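Engineer: Enclosed is the structure file run-v4.csv (CSV, C-alpha atoms).
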chain,number,residue,atom,x,y,z
A,1,MET,CA,1.4,-0.1,-5.8
A,2,ALA,CA,-1.1,1.8,-3.6
A,3,GLU,CA,1.8,3.2,-1.5
A,4,LEU,CA,3.8,4.2,-4.6
A,5,GLN,CA,0.7,6.1,-5.9
A,6,GLY,CA,0.0,7.6,-2.5
A,7,LEU,CA,3.5,9.0,-2.3
A,8,GLY,CA,3.3,10.1,-5.9
A,9,ALA,CA,0.3,12.2,-5.0
A,10,GLN,CA,2.3,13.8,-2.2
A,11,LEU,CA,5.3,14.5,-4.4
A,12,SER,CA,4.7,18.3,-4.7
A,13,GLU,CA,4.3,18.5,-0.9
A,14,ALA,CA,7.5,16.5,-0.4
A,15,GLU,CA,9.4,18.8,-2.8
A,16,ARG,CA,8.1,21.9,-1.0
A,17,ALA,CA,9.3,20.3,2.3
A,18,GLY,CA,12.7,19.5,0.7
A,19,VAL,CA,12.2,15.7,1.1
A,20,GLU,CA,13.6,13.3,-1.5
A,21,ILE,CA,11.5,10.2,-2.2
A,22,ILE,CA,13.4,7.2,-3.6
A,23,ALA,CA,11.8,3.9,-4.5
A,24,VAL,CA,13.8,0.7,-4.4
A,25,SER,CA,12.9,-2.7,-5.9
A,26,PRO,CA,14.5,-5.7,-7.6
A,27,ASP,CA,12.8,-4.7,-10.9
A,28,PRO,CA,15.2,-3.9,-13.8
A,29,ASN,CA,15.6,-0.3,-14.8
A,30,GLU,CA,13.3,-0.6,-17.9
A,31,ARG,CA,10.5,-2.1,-15.8
A,32,SER,CA,10.9,0.6,-13.1
A,33,GLN,CA,10.7,3.3,-15.8
A,34,GLN,CA,7.5,1.7,-17.1
A,35,VAL,CA,6.0,1.7,-13.7
A,36,ALA,CA,7.0,5.3,-13.1
A,37,GLU,CA,5.6,6.4,-16.4
A,38,GLY,CA,2.4,4.3,-16.1
A,39,LEU,CA,1.6,5.6,-12.6
A,40,ARG,CA,2.9,9.1,-13.5
A,41,LEU,CA,5.3,9.1,-10.6
A,42,GLY,CA,7.9,11.8,-10.5
A,43,TYR,CA,10.3,10.4,-8.0
A,44,ARG,CA,13.4,8.2,-8.4
A,45,PHE,CA,13.3,4.5,-8.9
A,46,LEU,CA,16.4,2.5,-8.1
A,47,ALA,CA,17.1,-1.1,-9.2
A,48,ASP,CA,18.4,-3.5,-6.5
A,49,ARG,CA,18.5,-6.5,-8.8
A,50,ASP,CA,20.2,-8.9,-6.4
A,51,LEU,CA,18.5,-7.5,-3.3
A,52,ALA,CA,21.9,-6.7,-1.8
A,53,VAL,CA,20.8,-3.3,-0.5
A,54,THR,CA,17.4,-4.6,0.6
A,55,ARG,CA,19.2,-7.4,2.5
A,56,ARG,CA,21.5,-4.9,4.2
A,57,TYR,CA,18.4,-3.0,5.4
A,58,GLY,CA,17.0,-6.3,6.8
A,59,LEU,CA,14.0,-6.1,4.5
A,60,VAL,CA,14.1,-9.4,2.6
A,61,HIS,CA,11.1,-11.7,2.9
A,62,ALA,CA,12.8,-15.1,2.2
A,63,GLY,CA,10.9,-17.3,-0.1
A,64,GLY,CA,8.0,-14.8,-0.2
A,65,GLY,CA,7.7,-14.6,-3.9
A,66,ALA,CA,5.2,-16.4,-6.0
A,67,ASP,CA,7.9,-18.7,-7.3
A,68,GLY,CA,9.6,-19.1,-3.9
A,69,GLN,CA,12.1,-16.4,-4.6
A,70,ASP,CA,13.2,-13.8,-2.1
A,71,VAL,CA,11.3,-10.6,-2.3
A,72,PRO,CA,11.5,-7.2,-0.5
A,73,ARG,CA,9.2,-6.6,2.4
A,74,PRO,CA,7.2,-3.5,1.7
A,75,ALA,CA,8.7,-0.8,4.0
A,76,THR,CA,9.3,2.9,4.2
A,77,VAL,CA,12.3,4.3,5.9
A,78,VAL,CA,12.6,8.0,6.7
A,79,LEU,CA,16.1,9.3,6.9
A,80,ASP,CA,17.0,12.6,8.4
A,81,ARG,CA,19.7,14.5,6.7
A,82,ARG,CA,21.6,15.1,9.9
A,83,ARG,CA,20.8,12.2,12.3
A,84,PRO,CA,22.9,9.1,11.6
A,85,GLY,CA,19.9,6.7,11.6
A,86,PRO,CA,16.3,6.5,10.3
A,87,LEU,CA,13.6,8.5,12.1
A,88,ALA,CA,10.9,5.9,11.4
A,89,ARG,CA,10.6,2.6,9.7
A,90,ARG,CA,7.2,1.3,8.7
A,91,GLY,CA,6.2,-1.9,7.1
A,92,TYR,CA,3.2,-4.3,7.1
A,93,PRO,CA,1.7,-4.6,9.6
A,94,SER,CA,2.0,-0.9,10.3
A,95,ARG,CA,3.4,0.3,13.6
A,96,GLY,CA,2.1,3.7,14.5
A,97,VAL,CA,2.1,5.0,10.9
A,98,PRO,CA,-0.8,4.0,8.5
A,99,ALA,CA,0.2,1.6,5.8
A,100,HIS,CA,-0.6,4.2,3.2
A,101,ALA,CA,0.7,7.3,4.9
A,102,THR,CA,1.0,10.7,3.3
A,103,ILE,CA,4.0,13.0,3.6
A,104,SER,CA,1.9,15.0,6.0
A,105,THR,CA,1.5,11.9,8.2
A,106,PHE,CA,5.2,11.3,8.1
A,107,THR,CA,5.9,14.9,9.1
A,108,GLU,CA,3.3,14.8,11.8
A,109,ARG,CA,4.7,11.6,13.3
A,110,CYS,CA,8.3,12.7,12.8
A,111,PRO,CA,8.5,16.4,14.0
A,112,ARG,CA,12.2,16.3,14.0
A,113,LEU,CA,12.1,15.8,10.2
A,114,ILE,CA,10.2,19.0,9.5
A,115,ARG,CA,12.5,21.0,11.8
A,116,TYR,CA,15.5,20.4,9.7
A,117,VAL,CA,13.8,21.3,6.4
B,1,MET,CA,-55.8,-15.2,-2.8
B,2,THR,CA,-53.3,-12.8,-1.5
B,3,THR,CA,-49.8,-12.1,-2.7
B,4,ASP,CA,-47.3,-10.6,-0.5
B,5,PHE,CA,-45.8,-8.2,-3.1
B,6,GLY,CA,-44.2,-6.2,-0.3
B,7,ALA,CA,-41.8,-8.9,0.8
B,8,LYS,CA,-40.9,-10.1,-2.7
B,9,GLY,CA,-40.4,-6.5,-3.8
B,10,SER,CA,-38.2,-5.6,-0.9
B,11,SER,CA,-36.2,-8.8,-1.3
B,12,GLY,CA,-35.4,-7.8,-4.9
B,13,TRP,CA,-34.4,-4.3,-3.8
B,14,LEU,CA,-32.2,-5.7,-1.0
B,15,ALA,CA,-30.5,-8.1,-3.3
B,16,ALA,CA,-29.8,-5.3,-5.8
B,17,LEU,CA,-28.5,-3.1,-3.1
B,18,SER,CA,-26.3,-5.8,-1.8
B,19,VAL,CA,-24.8,-6.4,-5.3
B,20,GLY,CA,-24.4,-2.7,-5.9
B,21,LEU,CA,-22.7,-2.2,-2.6
B,22,ALA,CA,-20.3,-5.1,-3.1
B,23,ILE,CA,-19.3,-4.1,-6.6
B,24,GLY,CA,-19.3,-0.5,-5.7
B,25,ALA,CA,-16.8,-1.2,-2.9
B,26,VAL,CA,-14.4,-2.8,-5.4
B,27,GLY,CA,-14.7,0.0,-7.9
B,28,ALA,CA,-14.5,2.7,-5.3
B,29,TYR,CA,-11.3,1.3,-3.8
B,30,ALA,CA,-9.7,0.9,-7.2
B,31,LEU,CA,-10.7,4.4,-8.5
B,32,LEU,CA,-10.2,6.3,-5.2
B,33,LEU,CA,-6.9,5.0,-4.2
B,34,ARG,CA,-5.4,8.5,-4.5
B,35,VAL,CA,-7.8,9.7,-1.8
B,36,ALA,CA,-6.1,9.6,1.6
B,37,ILE,CA,-9.0,8.3,3.6
B,38,VAL,CA,-9.5,5.4,1.2
B,39,ARG,CA,-5.8,4.7,0.9
B,40,ASN,CA,-5.3,4.8,4.7
B,41,HIS,CA,-8.2,2.5,5.5
B,42,PRO,CA,-8.1,-0.5,3.1
B,43,GLU,CA,-10.2,-2.5,5.5
B,44,GLY,CA,-13.2,-0.3,4.5
B,45,TYR,CA,-14.0,-2.6,1.6
B,46,VAL,CA,-14.1,-5.6,3.9
B,47,VAL,CA,-16.7,-3.7,6.0
B,48,ALA,CA,-18.7,-2.9,2.8
B,49,PHE,CA,-18.6,-6.6,1.8
B,50,ALA,CA,-19.9,-7.5,5.3
B,51,LEU,CA,-22.8,-5.1,4.9
B,52,ALA,CA,-23.6,-6.4,1.5
B,53,THR,CA,-23.6,-9.9,2.8
B,54,ALA,CA,-26.0,-8.9,5.6
B,55,LEU,CA,-28.3,-7.2,3.1
B,56,ALA,CA,-28.2,-10.3,0.9
B,57,ALA,CA,-29.0,-12.6,3.8
B,58,LEU,CA,-32.0,-10.4,4.7
B,59,ALA,CA,-33.1,-10.6,1.1
B,60,VAL,CA,-33.0,-14.4,1.2
B,61,VAL,CA,-35.1,-14.4,4.4
B,62,ARG,CA,-37.7,-12.0,3.0
B,63,ALA,CA,-37.9,-13.7,-0.4
B,64,ARG,CA,-41.1,-15.7,-1.1
B,65,ALA,CA,-40.9,-16.7,-4.7
B,66,ARG,CA,-38.0,-16.4,-7.2
B,67,ARG,CA,-35.3,-16.6,-4.5
B,68,TRP,CA,-32.5,-17.0,-6.9
B,69,PRO,CA,-31.6,-13.2,-7.1
B,70,ALA,CA,-31.3,-13.1,-3.4
B,71,TRP,CA,-29.2,-16.3,-3.3
B,72,LEU,CA,-27.0,-14.9,-6.1
B,73,ALA,CA,-26.5,-11.7,-4.2
B,74,LEU,CA,-25.6,-13.7,-1.1
B,75,GLY,CA,-23.2,-15.9,-3.0
B,76,LEU,CA,-21.4,-12.9,-4.6
B,77,SER,CA,-21.2,-10.8,-1.4
B,78,SER,CA,-20.0,-13.8,0.7
B,79,LEU,CA,-17.4,-14.6,-1.8
B,80,LEU,CA,-16.1,-11.1,-1.9
B,81,LEU,CA,-16.2,-10.9,1.9
B,82,VAL,CA,-14.1,-14.0,2.3
B,83,ALA,CA,-11.7,-13.0,-0.4
B,84,GLY,CA,-11.4,-9.4,0.8
B,85,ALA,CA,-10.9,-10.5,4.4
B,86,TRP,CA,-8.3,-13.0,3.4
B,87,PHE,CA,-6.4,-10.5,1.3
B,88,ASN,CA,-6.6,-7.7,3.8
B,89,PHE,CA,-5.8,-9.7,7.0
B,90,VAL,CA,-3.6,-12.5,5.6
B,91,VAL,CA,-1.9,-11.8,2.3
B,92,ALA,CA,-1.2,-8.1,3.0
B,93,ARG,CA,0.5,-8.9,6.3
B,94,VAL,CA,4.2,-9.6,6.0
B,95,PRO,CA,5.9,-11.1,9.1
B,96,GLU,CA,8.1,-8.7,11.0
B,97,ALA,CA,11.8,-9.0,10.3
B,98,PRO,CA,14.0,-9.2,13.4
B,99,THR,CA,17.0,-8.1,11.3
B,100,ALA,CA,15.4,-5.0,9.9
B,101,LEU,CA,17.1,-1.7,10.4
B,102,ARG,CA,16.0,-0.2,13.7
B,103,VAL,CA,15.1,3.5,14.4
B,104,GLY,CA,18.3,5.3,15.3
B,105,GLU,CA,20.6,2.9,13.6
B,106,ARG,CA,22.9,4.2,10.9
B,107,PRO,CA,21.4,3.4,7.5
B,108,PRO,CA,23.8,1.5,5.2
B,109,ASP,CA,25.2,3.6,2.3
B,110,PHE,CA,24.5,2.3,-1.1
B,111,THR,CA,24.9,3.1,-4.8
B,112,LEU,CA,22.2,1.8,-7.2
B,113,PRO,CA,21.3,2.7,-10.8
B,114,ASP,CA,18.2,4.7,-11.4
B,115,ALA,CA,15.7,4.1,-14.3
B,116,ALA,CA,18.1,5.8,-16.7
B,117,GLY,CA,21.0,3.7,-15.5
B,118,ARG,CA,22.7,6.6,-13.7
B,119,PRO,CA,24.3,5.7,-10.3
B,120,VAL,CA,22.6,7.2,-7.3
B,121,SER,CA,24.3,7.1,-3.9
B,122,LEU,CA,22.6,7.6,-0.5
B,123,ALA,CA,25.7,9.5,0.7
B,124,ASP,CA,24.9,12.3,-1.8
B,125,TYR,CA,21.9,13.2,0.3
B,126,ARG,CA,23.6,13.2,3.7
B,127,GLY,CA,23.6,16.7,5.0
B,128,GLU,CA,21.5,17.9,2.1
B,129,LYS,CA,18.0,16.7,2.5
B,130,PRO,CA,15.8,14.1,4.3
B,131,VAL,CA,15.1,11.0,2.3
B,132,VAL,CA,12.1,8.7,2.2
B,133,LEU,CA,13.2,5.3,1.0
B,134,VAL,CA,10.3,3.1,-0.2
B,135,PHE,CA,11.1,-0.5,-0.6
B,136,TYR,CA,8.4,-2.2,-2.7
B,137,ARG,CA,8.0,-5.8,-3.8
B,138,GLY,CA,8.3,-5.3,-7.5
B,139,TYR,CA,8.1,-8.4,-9.8
B,140,TRP,CA,5.1,-6.8,-11.5
What would you get if you wrote out this structure as structure tokens?

Structural biologist:
Amino acid sequence: MAELQGLGAQLSEAERAGVEIIAVSPDPNERSQQVAEGLRLGYRFLADRDLAVTRRYGLVHAGGGADGQDVPRPATVVLDRRRPGPLARRGYPSRGVPAHATISTFTERCPRLIRYV
Amino acid sequence: MTTDFGAKGSSGWLAALSVGLAIGAVGAYALLLRVAIVRNHPEGYVVAFALATALAALAVVRARARRWPAWLALGLSSLLLVAGAWFNFVVARVPEAPTALRVGERPPDFTLPDAAGRPVSLADYRGEKPVVLVFYRGYW
């Protein structure tokens, strides 16, 4: 939740930089909308109910849920609009990018990103 | 008959300071989550709990009579220190995934519904704008 709020605080900067922020979770649409409204987050929330997309990104924590269910690993993937692959991937524990990075941190650590904007 | 008011008084102040620091750290982290330096350094509250524990321990040592406030402060700060350290260094750490997408790999395309039920495809953004995908745990 801290990361969602952190990125929400950077939304205007992201919009100025032409960056789209998209949140993905297994929560149903209604729950995502409640979270977005409750935290006053202006970016898109997508529902990956069966974790199919999360699994394709290799980000499932098998049995990591409170009831033993599979859950997503918290991670942020930065995708350049031109390069075929991600510029950076970050999850817990963080590797080079702080766990609660701002858009500025992303652009500082990924100079190629800002060049294409 | 002499009474060491100095030590007893300082013990009370130390205990109060310890409790204030411990509770203040919890409140500060919750209220200041939008501040980057707080958000980017969550281990800060563990440091605060450690300081609070040290202050409470000093309060216990310096107390002469009515030691319970100092012991209460020590108990509270120690509990928060253990809980905070466990949460920050154990719970918040997710094992690395060897199958996770690597930097430079092509990200899988997908189409998922947004909060309004409208389909959103990653391919729509290719060549248009950079995308930051945030995968979060959910189940809240």

Engineer: Just to confirm, what's the straight-line distance from CA of Gly24 in chain B to CA of Leu41 in chain A in Å (one decimal)?

Structural biologist: 26.9 Å

Engineer: Ranking B:Ala123, B:Leu14, B:Leu51, B:Leu133 by minimum distance to Ala63 in chain B and counting all atoms listed in the file, which one comes first?

Structural biologist: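 Checking each of B:Ala123, B:Leu14, B:Leu51, B:Leu133 against Ala63 in chain B, counting all atoms listed in the file, the winner is B:Leu14.
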
Engineer: In Å, with one decimal, what is the gap from CA of Ala23 in chain A to CA of Thr76 in chain A?

Structural biologist: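 So the answer is 9.1 Å.
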
Engineer: Which is closer to Trp71 in chain B than all the others in B:Pro42, B:Pro108, B:Gly127, B:Gly12, using only C-alpha atoms?

Structural biologist: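 Once distances to Trp71 in chain B are computed over only C-alpha atoms, the minimum belongs to B:Gly12.
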
Engineer: Enter the distance from CA of Ser78 in chain B to CA of Trp13 in chain B, in Å, rounded to one decimal.

Structural biologist: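 It comes out at 17.8 Å.
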
Engineer: Just the residues within 8 Å of Ala15 in chain B, please, counting all atoms listed in the file, with nothing from its chain fewer than 5 positions along; format it as a list in words.

Structural biologist: Leu55, Ala56, Ala59, Pro69, Ala70, Ala73 and Leu74 of chain B

Engineer: Grab the residues selected above and save them as a PDB file, in the coordinates of the input with C-alpha atoms.

Structural biologist:
ATOM      1  CA  LEU B  55     -28.300  -7.200   3.100  1.00  0.00           C
ATOM      2  CA  ALA B  56     -28.200 -10.300   0.900  1.00  0.00           C
ATOM      3  CA  ALA B  59     -33.100 -10.600   1.100  1.00  0.00           C
ATOM      4  CA  PRO B  69     -31.600 -13.200  -7.100  1.00  0.00           C
ATOM      5  CA  ALA B  70     -31.300 -13.100  -3.400  1.00  0.00           C
ATOM      6  CA  ALA B  73     -26.500 -11.700  -4.200  1.00  0.00           C
ATOM      7  CA  LEU B  74     -25.600 -13.700  -1.100  1.00  0.00           C
TER       8      LEU B  74
END

Engineer: Could you give me, as a count of residues only, the residues within 9 Å of Val120 in chain B, counting all atoms listed in the file and dropping anything in the same chain fewer than 4 positions from it?

Structural biologist: 7

Engineer: Show me, as a CSV table (one decimal) with C-alpha atoms, in the frame of the given file, the residues that have an atom within 12 Å of Gln69 in chain A when counting only C-alpha atoms, minus same-chain residues fewer than 4 positions from it.

Structural biologist:
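Once written, out.csv looks like this:
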chain,number,residue,atom,x,y,z
A,26,PRO,CA,14.5,-5.7,-7.6
A,50,ASP,CA,20.2,-8.9,-6.4
A,51,LEU,CA,18.5,-7.5,-3.3
A,60,VAL,CA,14.1,-9.4,2.6
A,61,HIS,CA,11.1,-11.7,2.9
A,62,ALA,CA,12.8,-15.1,2.2
A,63,GLY,CA,10.9,-17.3,-0.1
A,64,GLY,CA,8.0,-14.8,-0.2
A,65,GLY,CA,7.7,-14.6,-3.9
B,137,ARG,CA,8.0,-5.8,-3.8
B,139,TYR,CA,8.1,-8.4,-9.8

Engineer: From the options A:Gly42, A:Gly68, A:Gly58, A:Pro28, which residue's atoms come nearest to chain B, counting only C-alpha atoms?

Structural biologist: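 Closest residue, counting only C-alpha atoms: A:Gly58.
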
Engineer: Using all atoms listed in the file, can you tell me which of B:Glu105, B:Arg62, B:Val46, B:Gly27 comes closest to Phe89 in chain B?

Structural biologist: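 For Phe89 in chain B, the nearest of the candidates is B:Val46.
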
Engineer: Considering only C-alpha atoms, can you say which of A:Asp70, A:Ser25, A:Val77, A:Gly38 comes closest to Val53 in chain A?

Structural biologist: A:Ser25

Engineer: Leaving out Gln33 in chain A and any residue of its chain fewer than 4 positions from it, which residues lie within 7 Å of it when counting only C-alpha atoms, given as a short mmCIF file (atom, residue, chain, number, x, y, z; two decimals) with C-alpha atoms, keeping the file's coordinate frame?

Structural biologist:
data_model
loop_
_atom_site.label_atom_id
_atom_site.label_comp_id
_atom_site.auth_asym_id
_atom_site.auth_seq_id
_atom_site.Cartn_x
_atom_site.Cartn_y
_atom_site.Cartn_z
CA ASN A 29 15.60 -0.30 -14.80
CA GLU A 37 5.60 6.40 -16.40
CA ALA B 115 15.70 4.10 -14.30
#

Engineer: For each of B:Leu33, B:Ala50, B:Ala28, B:Val19, take the minimum atom-to-atom distance to chain A, counting only C-alpha atoms, then give the residue where this is smallest.

Structural biologist: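 Answer, going by the shortest atom-to-atom distance: B:Leu33.
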